[in-house]
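coords02.tsv follows (TSV, C-alpha atoms and all ligand atoms):
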```tsv
chain	number	residue	atom	x	y	z
A	144	MET	CA	-21.63	33.68	6.77
A	145	ALA	CA	-18.79	32.63	4.43
A	146	VAL	CA	-17.14	35.35	2.37
A	147	SER	CA	-18.16	35.02	-1.30
A	148	VAL	CA	-16.39	35.90	-4.55
A	149	LYS	CA	-18.97	38.71	-4.90
A	150	ASP	CA	-17.91	40.21	-1.54
A	151	VAL	CA	-14.29	40.19	-2.69
A	152	ALA	CA	-15.21	41.82	-6.02
A	153	GLN	CA	-17.16	44.62	-4.31
A	154	ALA	CA	-14.41	45.30	-1.77
A	155	ALA	CA	-11.75	45.37	-4.50
A	156	ALA	CA	-13.95	47.40	-6.87
A	157	VAL	CA	-13.60	44.81	-9.66
A	158	SER	CA	-15.96	42.36	-11.38
A	159	VAL	CA	-16.51	38.78	-10.17
A	160	GLY	CA	-14.89	37.65	-13.44
A	161	THR	CA	-11.73	39.59	-12.57
A	162	VAL	CA	-11.58	37.88	-9.16
A	163	SER	CA	-11.93	34.52	-10.91
A	164	ASN	CA	-9.11	35.45	-13.30
A	165	VAL	CA	-6.89	36.54	-10.42
A	166	LEU	CA	-7.43	33.08	-8.86
A	167	ASN	CA	-7.19	30.95	-12.00
A	168	ARG	CA	-5.48	32.95	-14.75
A	169	PRO	CA	-3.52	35.79	-13.01
A	170	GLU	CA	-1.44	36.28	-16.12
A	171	LYS	CA	-4.53	37.87	-17.73
A	172	VAL	CA	-4.86	40.56	-15.04
A	173	ALA	CA	-2.84	43.75	-14.40
A	174	PRO	CA	-0.30	43.11	-11.59
A	175	ASP	CA	-1.61	45.96	-9.39
A	176	THR	CA	-5.16	44.56	-9.67
A	177	VAL	CA	-3.87	41.07	-8.75
A	178	ALA	CA	-2.16	42.53	-5.69
A	179	ARG	CA	-5.26	44.51	-4.67
A	180	VAL	CA	-7.57	41.48	-5.00
A	181	HIS	CA	-5.21	39.24	-3.01
A	182	GLU	CA	-5.03	41.90	-0.28
A	183	VAL	CA	-8.86	41.94	-0.08
A	184	ILE	CA	-8.98	38.10	-0.08
A	185	LYS	CA	-6.59	38.04	2.86
A	186	ARG	CA	-8.38	40.85	4.73
A	187	LEU	CA	-11.87	39.29	4.33
A	188	GLY	CA	-10.62	35.73	4.89
A	189	PHE	CA	-12.06	34.43	1.60
A	190	VAL	CA	-11.60	30.66	0.96
A	191	ARG	CA	-12.10	29.48	-2.62
A	192	ASN	CA	-14.75	26.80	-3.27
A	193	ASP	CA	-12.50	24.27	-4.89
A	194	ALA	CA	-15.27	21.72	-5.38
A	195	ALA	CA	-17.13	24.06	-7.75
A	196	ARG	CA	-13.95	24.84	-9.67
A	197	GLN	CA	-13.07	21.17	-9.84
A	198	LEU	CA	-16.53	20.32	-11.19
A	199	ARG	CA	-16.29	23.11	-13.78
A	200	ALA	CA	-12.83	21.96	-14.81
A	201	GLY	CA	-14.14	18.37	-15.12
A	202	ARG	CA	-11.53	16.82	-12.86
A	203	SER	CA	-10.06	17.58	-9.47
A	204	ARG	CA	-6.33	18.07	-8.95
A	205	SER	CA	-6.15	14.73	-7.15
A	206	ILE	CA	-5.95	10.96	-7.42
A	207	GLY	CA	-7.32	8.37	-5.05
A	208	LEU	CA	-5.29	5.64	-3.31
A	209	ILE	CA	-7.14	2.78	-1.59
A	210	VAL	CA	-4.93	0.51	0.55
A	211	LEU	CA	-5.72	-2.73	2.34
A	212	ASP	CA	-4.52	-1.60	5.75
A	213	SER	CA	-3.41	1.98	6.46
A	214	ALA	CA	-1.98	0.83	9.84
A	215	ASN	CA	0.60	-1.30	7.99
A	216	PRO	CA	3.83	0.70	7.50
A	217	PHE	CA	4.27	-1.00	4.11
A	218	PHE	CA	1.27	0.89	2.74
A	219	ALA	CA	2.40	4.12	4.38
A	220	GLU	CA	5.57	3.84	2.31
A	221	VAL	CA	3.55	3.04	-0.83
A	222	ALA	CA	1.47	6.17	-0.18
A	223	ARG	CA	4.62	8.24	0.33
A	224	GLY	CA	6.06	7.11	-3.00
A	225	ALA	CA	2.76	7.88	-4.73
A	226	GLU	CA	2.53	11.34	-3.14
A	227	GLU	CA	6.08	12.27	-4.14
A	228	ARG	CA	5.46	11.29	-7.78
A	229	ALA	CA	1.99	12.88	-7.90
A	230	ALA	CA	3.29	16.17	-6.47
A	231	GLY	CA	5.59	16.40	-9.48
A	232	GLU	CA	2.43	16.69	-11.61
A	233	GLY	CA	0.68	19.12	-9.26
A	234	LEU	CA	-1.63	16.33	-8.07
A	235	SER	CA	-2.64	15.46	-4.49
A	236	VAL	CA	-3.30	11.94	-3.22
A	237	LEU	CA	-6.52	11.20	-1.30
A	238	LEU	CA	-6.06	8.09	0.88
A	239	GLY	CA	-8.74	5.50	1.63
A	240	ASN	CA	-8.37	2.40	3.85
A	241	SER	CA	-10.46	-0.61	2.78
A	242	ASP	CA	-9.30	-2.58	5.85
A	243	GLN	CA	-9.53	-5.65	3.60
A	244	ASN	CA	-13.32	-5.06	3.44
A	245	PRO	CA	-14.89	-5.14	-0.08
A	246	THR	CA	-17.81	-2.93	1.07
A	247	ARG	CA	-15.44	-0.23	2.32
A	248	GLU	CA	-13.41	-0.54	-0.88
A	249	SER	CA	-16.58	-0.02	-2.95
A	250	GLY	CA	-17.54	2.97	-0.79
A	251	TYR	CA	-14.20	4.67	-1.44
A	252	LEU	CA	-14.48	4.02	-5.18
A	253	ASP	CA	-17.90	5.74	-5.11
A	254	LEU	CA	-16.49	8.64	-3.09
A	255	PHE	CA	-13.54	9.15	-5.43
A	256	ARG	CA	-15.89	9.12	-8.45
A	257	GLU	CA	-18.03	11.79	-6.78
A	258	GLN	CA	-14.92	13.80	-5.96
A	259	ARG	CA	-14.01	13.53	-9.67
A	260	VAL	CA	-10.48	12.41	-8.96
A	261	ASN	CA	-8.38	11.81	-12.07
A	262	GLY	CA	-8.00	8.11	-11.30
A	263	VAL	CA	-7.58	5.56	-8.50
A	264	LEU	CA	-4.64	3.42	-7.35
A	265	LEU	CA	-6.14	0.33	-5.71
A	266	THR	CA	-4.74	-2.53	-3.63
A	267	PRO	CA	-7.74	-4.79	-4.29
A	268	THR	CA	-9.51	-6.84	-1.63
A	269	ASP	CA	-10.46	-9.37	-4.32
A	270	LEU	CA	-8.62	-9.67	-7.64
A	271	ALA	CA	-11.44	-11.81	-8.98
A	272	ASP	CA	-14.02	-9.03	-8.47
A	273	PRO	CA	-15.51	-8.18	-11.91
A	274	VAL	CA	-16.07	-4.59	-10.77
A	275	LEU	CA	-12.34	-3.99	-11.27
A	276	LEU	CA	-12.97	-3.97	-15.04
A	277	HIS	CA	-16.03	-1.72	-14.74
A	278	ALA	CA	-14.91	0.76	-12.11
A	279	GLY	CA	-16.13	3.77	-14.11
A	280	ILE	CA	-12.85	5.59	-13.38
A	281	PRO	CA	-9.24	5.05	-14.55
A	282	LEU	CA	-7.81	2.34	-12.27
A	283	VAL	CA	-4.27	1.05	-11.62
A	284	LEU	CA	-3.79	-2.04	-9.43
A	285	VAL	CA	-1.18	-1.79	-6.71
A	286	ASP	CA	0.38	-4.85	-5.08
A	287	GLY	CA	-1.69	-7.12	-7.29
A	288	GLU	CA	-2.26	-7.89	-10.97
A	289	LEU	CA	-4.96	-9.43	-13.18
A	290	VAL	CA	-3.94	-12.67	-14.90
A	291	GLY	CA	-5.26	-11.38	-18.23
A	292	GLY	CA	-3.46	-8.08	-17.75
A	293	GLU	CA	-6.59	-6.05	-18.55
A	294	LEU	CA	-5.50	-3.30	-16.13
A	295	SER	CA	-2.15	-1.65	-15.57
A	296	SER	CA	-0.61	-2.90	-12.36
A	297	VAL	CA	2.50	-2.80	-10.23
A	298	ALA	CA	3.41	-5.61	-7.85
A	299	VAL	CA	6.21	-7.76	-6.54
A	300	ASP	CA	6.66	-11.38	-7.57
A	301	ASP	CA	5.40	-12.85	-4.30
A	302	ILE	CA	5.97	-16.44	-5.37
A	303	GLU	CA	9.63	-15.59	-5.86
A	304	GLY	CA	9.56	-13.78	-2.50
A	305	GLY	CA	8.22	-16.83	-0.68
A	306	HIS	CA	10.76	-19.03	-2.42
A	307	LEU	CA	13.57	-16.68	-1.36
A	308	ALA	CA	12.45	-16.70	2.29
A	309	VAL	CA	12.16	-20.47	2.70
A	310	SER	CA	15.27	-21.22	0.63
A	311	HIS	CA	17.16	-19.05	3.12
A	312	LEU	CA	15.72	-20.95	6.10
A	313	LEU	CA	16.66	-24.25	4.46
A	314	ALA	CA	20.14	-22.93	3.69
A	315	ILE	CA	20.76	-22.27	7.40
A	316	GLY	CA	19.79	-25.87	8.16
A	317	ARG	CA	16.17	-25.48	9.33
A	318	ARG	CA	13.88	-28.35	8.42
A	319	ARG	CA	10.64	-27.99	10.44
A	320	ILE	CA	9.24	-24.81	8.91
A	321	ALA	CA	5.96	-23.08	9.76
A	322	PHE	CA	4.26	-20.56	7.47
A	323	VAL	CA	2.30	-17.98	9.48
A	324	GLY	CA	-0.04	-16.15	7.12
A	325	GLY	CA	-3.15	-14.04	7.02
A	326	PRO	CA	-6.24	-15.18	5.13
A	327	LEU	CA	-5.11	-17.30	2.18
A	328	ALA	CA	-7.85	-15.58	0.15
A	329	ILE	CA	-5.45	-12.62	-0.07
A	330	ARG	CA	-3.46	-13.22	-3.24
A	331	GLN	CA	-0.21	-11.90	-1.74
A	332	VAL	CA	-0.44	-14.43	1.11
A	333	ALA	CA	-1.33	-17.35	-1.18
A	334	ASP	CA	1.55	-16.57	-3.54
A	335	ARG	CA	4.07	-16.34	-0.71
A	336	LEU	CA	2.92	-19.74	0.54
A	337	GLU	CA	3.18	-21.15	-2.99
A	338	GLY	CA	6.76	-19.90	-3.20
A	339	ALA	CA	7.49	-21.54	0.16
A	340	ARG	CA	6.08	-24.85	-1.06
A	341	ARG	CA	8.21	-24.72	-4.22
A	342	ALA	CA	11.36	-24.11	-2.18
A	343	LEU	CA	10.55	-27.00	0.13
A	344	ALA	CA	10.10	-29.39	-2.79
A	345	ALA	CA	13.87	-29.25	-3.27
A	346	VAL	CA	14.58	-30.59	0.25
A	347	PRO	CA	12.80	-33.93	0.86
A	348	ASP	CA	13.51	-34.13	4.61
A	349	ALA	CA	11.97	-30.70	5.28
A	350	THR	CA	8.35	-30.19	6.39
A	351	LEU	CA	6.01	-27.20	6.09
A	352	GLU	CA	3.19	-26.46	8.54
A	353	VAL	CA	0.62	-23.78	7.61
A	354	ILE	CA	-0.76	-21.57	10.41
A	355	GLU	CA	-3.46	-19.38	8.83
A	356	GLN	CA	-4.38	-16.37	10.99
A	357	GLY	CA	-7.40	-14.10	10.45
A	358	ALA	CA	-5.33	-10.95	9.89
A	359	LEU	CA	-1.83	-9.78	8.98
A	360	THR	CA	-1.23	-7.91	12.22
A	361	VAL	CA	1.17	-7.94	15.19
A	362	LEU	CA	-1.66	-9.27	17.39
A	363	ALA	CA	-2.30	-12.20	15.06
A	364	GLY	CA	1.43	-12.93	14.99
A	365	ARG	CA	1.67	-12.80	18.78
A	366	ASP	CA	-1.18	-15.30	19.05
A	367	ALA	CA	0.61	-17.69	16.68
A	368	GLY	CA	3.90	-17.21	18.56
A	369	GLU	CA	2.34	-17.96	21.95
A	370	ARG	CA	0.75	-21.13	20.60
A	371	ILE	CA	4.12	-22.26	19.26
A	372	ALA	CA	5.83	-21.46	22.59
A	373	HIS	CA	3.27	-23.52	24.56
A	374	ARG	CA	3.94	-26.65	22.50
A	375	PRO	CA	6.35	-29.33	23.79
A	376	ALA	CA	9.82	-28.46	22.45
A	377	ASP	CA	9.92	-31.44	20.07
A	378	GLU	CA	6.60	-30.37	18.49
A	379	ARG	CA	7.70	-26.83	17.71
A	380	PRO	CA	8.95	-25.70	14.29
A	381	ASP	CA	12.63	-24.66	14.07
A	382	ALA	CA	11.80	-21.78	11.69
A	383	VAL	CA	8.87	-19.53	10.86
A	384	PHE	CA	8.21	-17.68	7.60
A	385	CYS	CA	5.65	-14.93	8.21
A	386	ALA	CA	3.58	-13.48	5.35
A	387	ASN	CA	4.51	-9.97	6.46
A	388	ASP	CA	6.69	-8.17	9.01
A	389	LEU	CA	3.82	-7.26	11.34
A	390	LEU	CA	3.12	-10.98	11.83
A	391	ALA	CA	6.85	-11.61	12.32
A	392	VAL	CA	7.08	-8.91	15.02
A	393	GLY	CA	4.13	-10.60	16.76
A	394	VAL	CA	5.64	-14.09	16.49
A	395	LEU	CA	8.88	-12.73	18.00
A	396	GLN	CA	6.88	-11.33	20.92
A	397	GLY	CA	4.64	-14.40	21.35
A	398	THR	CA	7.43	-16.99	21.36
A	399	ALA	CA	9.27	-14.99	24.05
A	400	ILE	CA	6.34	-15.33	26.47
A	401	LEU	CA	7.68	-18.38	28.34
A	402	GLY	CA	11.33	-17.41	28.04
A	403	GLU	CA	12.16	-20.87	26.66
A	404	VAL	CA	12.38	-20.21	22.92
A	405	ARG	CA	15.59	-18.56	21.76
A	406	VAL	CA	15.63	-16.70	18.43
A	407	PRO	CA	17.32	-17.72	16.19
A	408	GLY	CA	18.86	-20.65	18.12
A	409	ASP	CA	15.62	-22.59	18.67
A	410	LEU	CA	13.50	-20.69	16.17
A	411	ALA	CA	14.56	-18.68	13.13
A	412	ILE	CA	12.05	-16.04	12.02
A	413	ILE	CA	11.76	-14.24	8.68
A	414	GLY	CA	9.09	-11.74	7.64
A	415	TYR	CA	8.11	-9.91	4.44
A	416	ASP	CA	8.08	-6.21	3.37
A	417	ASP	CA	11.20	-5.03	5.25
A	418	ILE	CA	9.37	-2.20	7.00
A	419	ASP	CA	11.50	0.11	9.19
A	420	PHE	CA	10.45	-1.74	12.37
A	421	ALA	CA	11.93	-4.99	11.05
A	422	GLU	CA	15.47	-3.94	11.93
A	423	ALA	CA	14.41	-2.20	15.16
A	424	THR	CA	13.05	-5.28	16.96
A	425	VAL	CA	14.90	-6.74	19.96
A	426	VAL	CA	16.25	-9.40	17.59
A	427	PRO	CA	16.49	-7.59	14.24
A	428	LEU	CA	14.26	-9.40	11.77
A	429	SER	CA	15.30	-10.87	8.46
A	430	SER	CA	12.77	-10.03	5.80
A	431	ILE	CA	11.94	-10.04	2.12
A	432	ARG	CA	12.13	-6.46	0.95
A	433	GLN	CA	9.47	-4.91	-1.28
A	434	PRO	CA	10.41	-1.53	-2.84
A	435	ALA	CA	7.29	0.10	-1.37
A	436	ARG	CA	8.05	3.69	-2.38
A	437	ASP	CA	8.96	2.62	-5.92
A	438	ILE	CA	5.69	0.67	-6.08
A	439	GLY	CA	3.74	3.80	-5.13
A	440	ALA	CA	5.61	6.06	-7.56
A	441	THR	CA	5.30	3.53	-10.41
A	442	ALA	CA	1.55	3.23	-9.82
A	443	VAL	CA	1.20	7.00	-10.33
A	444	GLU	CA	3.35	6.78	-13.46
A	445	LEU	CA	1.08	4.04	-14.88
A	446	LEU	CA	-2.01	6.14	-14.11
A	447	LEU	CA	-0.50	9.19	-15.85
A	448	GLU	CA	0.19	7.01	-18.91
A	449	ARG	CA	-3.42	5.82	-18.86
A	450	LEU	CA	-4.75	9.39	-18.59
A	451	ALA	CA	-2.50	10.60	-21.40
A	452	ASP	CA	-3.59	7.80	-23.75
A	453	PRO	CA	-6.76	5.88	-22.70
A	454	ASP	CA	-6.38	3.59	-25.72
A	455	ALA	CA	-2.81	2.52	-24.87
A	456	ALA	CA	-2.35	-1.11	-23.84
A	457	PRO	CA	-2.25	-1.64	-20.03
A	458	ARG	CA	1.25	-2.10	-18.63
A	459	ARG	CA	2.19	-4.54	-15.83
A	460	VAL	CA	5.28	-3.78	-13.79
A	461	ARG	CA	6.63	-6.53	-11.55
A	462	PHE	CA	9.45	-5.79	-9.09
A	463	ARG	CA	11.88	-8.43	-7.79
A	464	PRO	CA	11.84	-9.13	-4.04
A	465	GLU	CA	15.13	-8.94	-2.13
A	466	LEU	CA	16.36	-11.09	0.78
A	467	VAL	CA	17.54	-8.99	3.76
A	468	ILE	CA	19.37	-11.12	6.35
A	469	ARG	CA	19.51	-9.96	10.00
A	470	ALA	CA	19.95	-11.56	13.43
A	471	SER	CA	16.63	-13.46	13.49
A	472	THR	CA	17.99	-15.98	10.97
A	473	ALA	CA	21.73	-15.60	11.47
A	474	GLY	CA	23.71	-18.83	11.26
B	501	LIG	O1	-1.61	-6.43	2.99
B	501	LIG	C1	-0.95	-7.56	3.39
B	501	LIG	C2	0.45	-7.58	2.86
B	501	LIG	O2	0.42	-7.55	1.44
B	501	LIG	C3	1.30	-6.39	3.25
B	501	LIG	O3	2.00	-6.57	4.44
B	501	LIG	C4	2.24	-6.33	2.10
B	501	LIG	O4	3.18	-7.38	2.18
B	501	LIG	C5	1.31	-6.55	0.97
B	501	LIG	O5	2.01	-7.01	-0.16
```
Represent the structure from my file as structure tokens, please.
Ligand code: RIB
Amino acid sequence: MAVSVKDVAQAAAVSVGTVSNVLNRPEKVAPDTVARVHEVIKRLGFVRNDAARQLRAGRSRSIGLIVLDSANPFFAEVARGAEERAAGEGLSVLLGNSDQNPTRESGYLDLFREQRVNGVLLTPTDLADPVLLHAGIPLVLVDGELVGGELSSVAVDDIEGGHLAVSHLLAIGRRRIAFVGGPLAIRQVADRLEGARRALAAVPDATLEVIEQGALTVLAGRDAGERIAHRPADERPDAVFCANDLLAVGVLQGTAILGEVRVPGDLAIIGYDDIDFAEATVVPLSSIRQPARDIGATAVELLLERLADPDAAPRRVRFRPELVIRASTAG
């Protein structure tokens, strides 16, 4: 049987209201009473029912964060940035993983409404989903933005990022370029490919092959890499731009399978995100860096602005991507 507030009050010889004040407004209670009540709480092992307090207060002391793939280190860094900024406001971050599944995303939005979180930071599975404008809870988009700007958002210019990546491959003399992406329905992937196409337009003798994988994972990258390695040498690309670093790690592994493809000699590889693993691979990976922690912290900032003034115009923050050159595209 759980210890109740009433048990604590009886043991401390005070009213239930005094126990509630000790927990929520200790400045209203005599110090010796506060000490006595806390001693009883510790002795009886009382745990406060935060859900009831949160409901009474109208909102919990938390915000929700729904990411596309919690196994991707990029989103772990986004979450870390969000947590650090939220902690400064006494808020906790509740994490949900949509796994790129709209049904799971919708389930987490329902859960966070029920939990009465203050608002939700969302990396959307579908930017065209009308529910984004009728979420029934303050929403900030992370790693994506609405064309009309109806919601506050924080993202990186992925078209510029794709342009940076392929311009670098062209600058080191590569001309047969492959783009290894996840589903092109994911806006980030489509924009990176668009940036690649725009870079290629400046070099007429260069070609771009698109290899669309079903996921943005190491396994999907390894599959693409093995298929490239099994081609006759003159049918292989001489460079690969991967839509994220997990794919690039997989391509690096897959192309090594036959021991014929040298990186970067035969095949230059560049990824996207600049996660910690990118520089730890056997051939350190070049990448396009996204300021993941800043993205997370900025998303919290935008949500706090929205909570402080619901009528304020939404604000869109767009970070610039950064080219990080390592051994996988050297020279
Ligand atoms: O979720 C897929 C990708 O989109 C991540 O790797 C990151 O690049 C995000 O922007």
All residues 12 Å or closer to Ala421 of chain A, only C-alpha atoms, same chain fewer than 4 positions away omitted, as a tab-separated table (two decimals) with C-alpha atoms, keeping the file's coordinate frame:
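selection-v1.tsv, freshly written:
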```tsv
chain	number	residue	atom	x	y	z
A	216	PRO	CA	3.83	0.70	7.50
A	217	PHE	CA	4.27	-1.00	4.11
A	361	VAL	CA	1.17	-7.94	15.19
A	387	ASN	CA	4.51	-9.97	6.46
A	388	ASP	CA	6.69	-8.17	9.01
A	389	LEU	CA	3.82	-7.26	11.34
A	390	LEU	CA	3.12	-10.98	11.83
A	391	ALA	CA	6.85	-11.61	12.32
A	392	VAL	CA	7.08	-8.91	15.02
A	393	GLY	CA	4.13	-10.60	16.76
A	395	LEU	CA	8.88	-12.73	18.00
A	412	ILE	CA	12.05	-16.04	12.02
A	413	ILE	CA	11.76	-14.24	8.68
A	414	GLY	CA	9.09	-11.74	7.64
A	415	TYR	CA	8.11	-9.91	4.44
A	416	ASP	CA	8.08	-6.21	3.37
A	417	ASP	CA	11.20	-5.03	5.25
A	425	VAL	CA	14.90	-6.74	19.96
A	426	VAL	CA	16.25	-9.40	17.59
A	427	PRO	CA	16.49	-7.59	14.24
A	428	LEU	CA	14.26	-9.40	11.77
A	429	SER	CA	15.30	-10.87	8.46
A	430	SER	CA	12.77	-10.03	5.80
A	431	ILE	CA	11.94	-10.04	2.12
A	432	ARG	CA	12.13	-6.46	0.95
A	467	VAL	CA	17.54	-8.99	3.76
A	468	ILE	CA	19.37	-11.12	6.35
A	469	ARG	CA	19.51	-9.96	10.00
A	470	ALA	CA	19.95	-11.56	13.43
A	471	SER	CA	16.63	-13.46	13.49
```
What residues have any atom no more than 9 Å from ligand LIG 501 (chain B) when counting all atoms listed in the file, and can you list them as a PyMOL selection string? chain A and resi 210-212+215-218+243+266+285-287+298-299+301+325+329-332+358-360+386-390+415-418+433+435
Spatial neighbours of segment 306-322 of chain A, max dist 9 Å, all atoms listed in the file, sep filter under 6 positions, as a PyMOL selection string: chain A and resi 335-343+346+348-355+379-386+410-415+429-431+464-466+468+472-474
So that I can see what lies close to Gly357 of chain A, please list as a CSV table (one decimal) with C-alpha atoms, in the coordinates of the input the residues with an atom at most 9 Å from it, counting all atoms listed in the file and leaving out residues fewer than 6 positions away in the same chain.
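Saved to part_37.csv:
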```csv
chain,number,residue,atom,x,y,z
A,324,GLY,CA,0.0,-16.2,7.1
A,325,GLY,CA,-3.2,-14.0,7.0
A,326,PRO,CA,-6.2,-15.2,5.1
A,363,ALA,CA,-2.3,-12.2,15.1
```
Which is closest to Gly402 of chain A among A:Ala372, A:Val172, A:Leu276, A:Leu234, if we use all atoms listed in the file? A:Ala372
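Atom CA of Val157 of chain A is positioned 27.5 Å from atom CA of Ser203 of chain A.
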Around the point (-9.4, 6.9, 0.7) (coordinates from the file), which residues reach within 6 Å if we count only C-alpha atoms? Answer as a list in words. Leu208, Ile209, Leu237, Leu238, Gly239, Asn240 and Tyr251 of chain A
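Between atom CA of Ala423 of chain A and atom CA of Leu327 of chain A the interatomic distance comes to 27.9 Å.
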From the list A:Val260, A:Glu220, A:Arg458, A:Val180, which residue is nearest Pro434 of chain A when using all atoms listed in the file? A:Glu220
Rank A:Leu362, A:Asp334, A:Ala278, A:Leu254 by their smallest atom-to-atom distance to Glu303 of chain A, using only C-alpha atoms, and report the top residue only.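 Of all the options, A:Asp334 lies closest to Glu303 of chain A.
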Find, counting all atoms listed in the file, the residue in A:Pro169, A:Pro453, A:Pro245, A:Gly368 that gets nearest to Thr268 of chain A.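 Once distances to Thr268 of chain A are computed over all atoms listed in the file, the minimum belongs to A:Pro245.
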Across A:Ala214, A:Leu187, A:Val236, A:Leu282, the smallest distance to Glu448 of chain A, with all atoms listed in the file counted, is shown by A:Leu282
Kindly give the distance, in Å, that separates atom CA of Ser295 of chain A and atom CA of Leu265 of chain A, rounded to a single decimal.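 A separation of 10.8 Å between them.
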Give the padded box for segment 273-280 of chain A as JSON: axis-aligned, covering all atoms listed in the file, 5 Å on each side, centre and edge lengths in Å to one decimal.
```
{"center_x": -14.2, "center_y": -1.3, "center_z": -12.9, "size_x": 13.8, "size_y": 23.8, "size_z": 14.3}
```
Between A:Ala333, A:Ala345, A:Asp242, A:Val323, which residue has the minimum interatomic distance to Asp366 of chain A, considering all atoms listed in the file? A:Val323
Neighbouring residues of Arg449 of chain A were defined as those with any atom within 12 Å, considering all atoms listed in the file; residues of the same chain fewer than 6 positions away were excluded. Please report them as a PyMOL selection string. chain A and resi 261-264+280-283+294-296+442-443+455-458
Could you save the residues just selected, with C-alpha atoms, as a PDB file, in the coordinates of the input?
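As written to disk, again25.pdb reads:
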```pdb
ATOM      1  CA  ASN A 261      -8.380  11.810 -12.070  1.00  0.00           C
ATOM      2  CA  GLY A 262      -8.000   8.110 -11.300  1.00  0.00           C
ATOM      3  CA  VAL A 263      -7.580   5.560  -8.500  1.00  0.00           C
ATOM      4  CA  LEU A 264      -4.640   3.420  -7.350  1.00  0.00           C
ATOM      5  CA  ILE A 280     -12.850   5.590 -13.380  1.00  0.00           C
ATOM      6  CA  PRO A 281      -9.240   5.050 -14.550  1.00  0.00           C
ATOM      7  CA  LEU A 282      -7.810   2.340 -12.270  1.00  0.00           C
ATOM      8  CA  VAL A 283      -4.270   1.050 -11.620  1.00  0.00           C
ATOM      9  CA  LEU A 294      -5.500  -3.300 -16.130  1.00  0.00           C
ATOM     10  CA  SER A 295      -2.150  -1.650 -15.570  1.00  0.00           C
ATOM     11  CA  SER A 296      -0.610  -2.900 -12.360  1.00  0.00           C
ATOM     12  CA  ALA A 442       1.550   3.230  -9.820  1.00  0.00           C
ATOM     13  CA  VAL A 443       1.200   7.000 -10.330  1.00  0.00           C
ATOM     14  CA  ALA A 455      -2.810   2.520 -24.870  1.00  0.00           C
ATOM     15  CA  ALA A 456      -2.350  -1.110 -23.840  1.00  0.00           C
ATOM     16  CA  PRO A 457      -2.250  -1.640 -20.030  1.00  0.00           C
ATOM     17  CA  ARG A 458       1.250  -2.100 -18.630  1.00  0.00           C
TER      18      ARG A 458
END
```
